[in-house]
Amino acid sequence: MDSRPGYQRGSSNHLAYGGSASNSPALTGAQAARRRKQPPRPADFKLQVIIIGSRGVGKTSLMERFTDDTFCEACKSTVGVDFKIKTVELRGKKIRLQIWDTAGQERFNSITSAYYRSAKGIILVYDITKKETFEDLPKWMKMIDKYASEEAELLLVGNKLDCETDREITRQQGEKFAQQITGMRFCEASAKDNFNVDEIFLKLVDDILKKMPLDLVRSELSNSILSLQPEPEVPPELPPPRPPLRCC
Amino acid sequence: MEQDLVSVDGKNSRAVLCQRCGCRVLSAGVATLAKRELLLPSMRKKSSLSESSSPDCELLAEHWLVHDMFTFENVGFTKDVGSIKYLVCADCEVGPIGWHSLEEKSNFYVALERVRHE
């Protein structure tokens with residue numbers, strides 16, 4: 001967390017992307033060797049995951065475990081949670097997730113690109129009872145194409161499965177949307193009764209780990225973490241948009 | 001009580017858990033005991049953080065200190081309150097249980113009084 005993964009202005013006038021450079025599959029041997037020299041960290045892996053989607057789809061609820069409302073409402077802080085560190089164990093590895101929920105920043109262009117750039121996993125959420133949140137998905141995909149690493153794992157979540165009677169979007173519609181995007185997974189969930197919520201994170205983490213060459217993982221992931229520095233107002237030059245079909 | 005919680009090397013001898021839901025905040029042996037007076041909004045009143053005019057705060061003096069946010073097993077960071085981010089339970093969001101100043105990048109404090117020990 002010492003250095004922001006965003007961009008660093010070099011001596012020349014171009015901007016170097018710390019985050020996306022480390023995502024590049026064409027990592028040279030020298031770069032890899034340099035990374036391996038970093039000191040070991042207590043967790044095996046560190047991953048950044050972001051949760052995006054239109055207003056009211058339940059992004060924040062996905063980030064928290066369903067708990068007794070009365071107590072929580074009375075005691076939890078009113079300023080709102082910015083992000084969480086959560087630890088999961090998978091395949092005998094200890095993985096620290098840094099989970100960012102983008103609630104409150106729903107206007108499509110207002111979320112800083114830094115969130116996307118350093119995310120290894122992106123959870124895109126819509127509400128199965130609100131057609132418009134499903135219709136917004138292509139716009140969110142545009143944001144992903146524009147800002148996210150091509151290698152970020154994508155998971156589409158149809159939330160509010162507990163409101164089945166008000167359903168407007170069928171499971172098949174969700175599946176069909178996800179199928180159009182290479183590598184995108186799909187599931188339905190209910191943050192309210194915690195159905196599928198833990199599974200969502202585990203599934204995403206598993207997909208990320210499967211993709212990673214093991215000797216790179218440790219250091220690369222620690223580089224990808226967003227620090228608490230505010231993002232500069234001026235947006236950096238954009239990386240080229242990725243092709244509509246993602247390559248696996 | 002303190003002796004019981006601190007091992008010979010000055011670290012927390014027991015894991016640090018959320019008082020309410022038992023969610024694991026820190027594993028044993030990763031944090032040092034720090035004495036520093038820090039002002040944390042009360043855990044009891046919902047309005048304490050939003051009413052900046054008369055915040056209901058407590059001065060707490062004993063904390064577990066870690067220097068990397070990834071030392072935490074589970075924790076939530078609130079949005080900025082001035083230059084402070086408060087720490088809350090990652091699962092039930094009870095809190096604040098700790099304190100982090102954006103001006104001290106590598107100090108993360110968890111108040112002993114606001115957590116329980118395994």
# chains A, B, ... in the order shown; residues from 1 in each chain; ligands from 1
>>> closest_atom_pairs(of="chain B", to="chain A", cutoff="6 Å", atoms="only C-alpha atoms", output="tab-separated table")
residue	atom	partner	partner_atom	distance
B:Arg44	CA	A:Cys75	CA	5.7
B:Lys46	CA	A:Ala74	CA	5.5
B:Glu73	CA	A:Thr87	CA	5.4
B:Asn74	CA	A:Lys86	CA	4.4
B:Val75	CA	A:Ile85	CA	5.2
B:Gly76	CA	A:Lys84	CA	4.2
B:Phe77	CA	A:Phe83	CA	5.5
B:Thr78	CA	A:Val81	CA	4.0
B:Lys79	CA	A:Asp82	CA	4.7
B:Asp91	CA	A:Arg65	CA	5.5
B:Glu93	CA	A:Lys76	CA	5.4
B:Val94	CA	A:Lys76	CA	4.6
B:Gly95	CA	A:Lys76	CA	5.9
>>> select_by_dssp(residues="chain B", states="alpha helix (DSSP H)", output="ChimeraX atom specification")
/B:2-5
>>> closest_residue(among="B:Thr71, B:Ser83, B:Asn107, B:Thr32", to="Ser7 in chain B", atoms="only C-alpha atoms")
B:Thr32
>>> residues_around(residues="Pro138 in chain A", least_positions_apart="2", cutoff="12 Å", atoms="only C-alpha atoms", output="ChimeraX atom specification")
/A:53-54,108,124,126,132-136,140-145,156,177-178,180-181,244
>>> select_by_dssp(residues="chain B", states="strand (DSSP E or B)", output="MDAnalysis selection string")
chainID B and resid 6 11:12 16:18 24:26 32:41 57:66 75:78 81 84:88 94 98:101 108:111 115:117
>>> closest_atom_pairs(of="range 6-107 of chain B", to="range 115-118 of chain B", cutoff="7 Å", atoms="only C-alpha atoms", output="CSV")
residue,atom,partner,partner_atom,distance
B:Arg14,CA,B:Glu118,CA,5.6
B:Ala15,CA,B:Glu118,CA,5.3
B:Val16,CA,B:His117,CA,4.8
B:Leu17,CA,B:Arg116,CA,5.2
B:Cys18,CA,B:Val115,CA,5.3
B:Gln19,CA,B:Val115,CA,5.0
B:Ile97,CA,B:Val115,CA,6.9
>>> write_last_selection(atoms="C-alpha atoms", output="compact mmCIF listing (two decimals), in the first residue's frame")
# COMPACT_ATOMS: atom_id res chain seq x y z
CA ARG B 14 -4.61 -14.13 21.31
CA ALA B 15 -6.61 -13.55 18.18
CA VAL B 16 -8.70 -10.39 18.07
CA LEU B 17 -12.41 -10.91 17.39
CA CYS B 18 -15.48 -8.78 16.87
CA GLN B 19 -17.30 -8.38 20.18
CA ILE B 97 -13.41 -0.59 16.54
>>> closest_residue(among="B:Ser27, B:Met43, B:Glu113, B:Trp99", to="Leu87 in chain B", atoms="only C-alpha atoms")
B:Trp99
>>> atom_distance(atom1="CA of Glu150 in chain A", atom2="CA of Leu137 in chain A")
17.6 Å
>>> residues_around(residues="Asn159 in chain A", least_positions_apart="6", cutoff="8 Å", atoms="only C-alpha atoms", output="VMD selection string")
chain A and resid 57 to 58 125 to 128 188 to 191
>>> closest_residue(among="A:Asp162, A:Gly174, A:Ser149, A:Asp44", to="Leu90 in chain A", atoms="only C-alpha atoms")
A:Asp44
>>> closest_residue(among="B:Val81, B:Met69, B:Cys89, B:Leu60", to="Lys105 in chain B", atoms="only C-alpha atoms")
B:Met69
>>> atom_distance(atom1="CA of Gln48 in chain A", atom2="CA of Glu151 in chain A")
12.9 Å
>>> atom_distance(atom1="CA of Arg55 in chain A", atom2="CA of Arg167 in chain A")
17.3 Å
>>> closest_residue(among="B:Lys35, B:His100, B:Lys11, B:Arg20", to="His63 in chain B", atoms="only C-alpha atoms")
B:Lys35
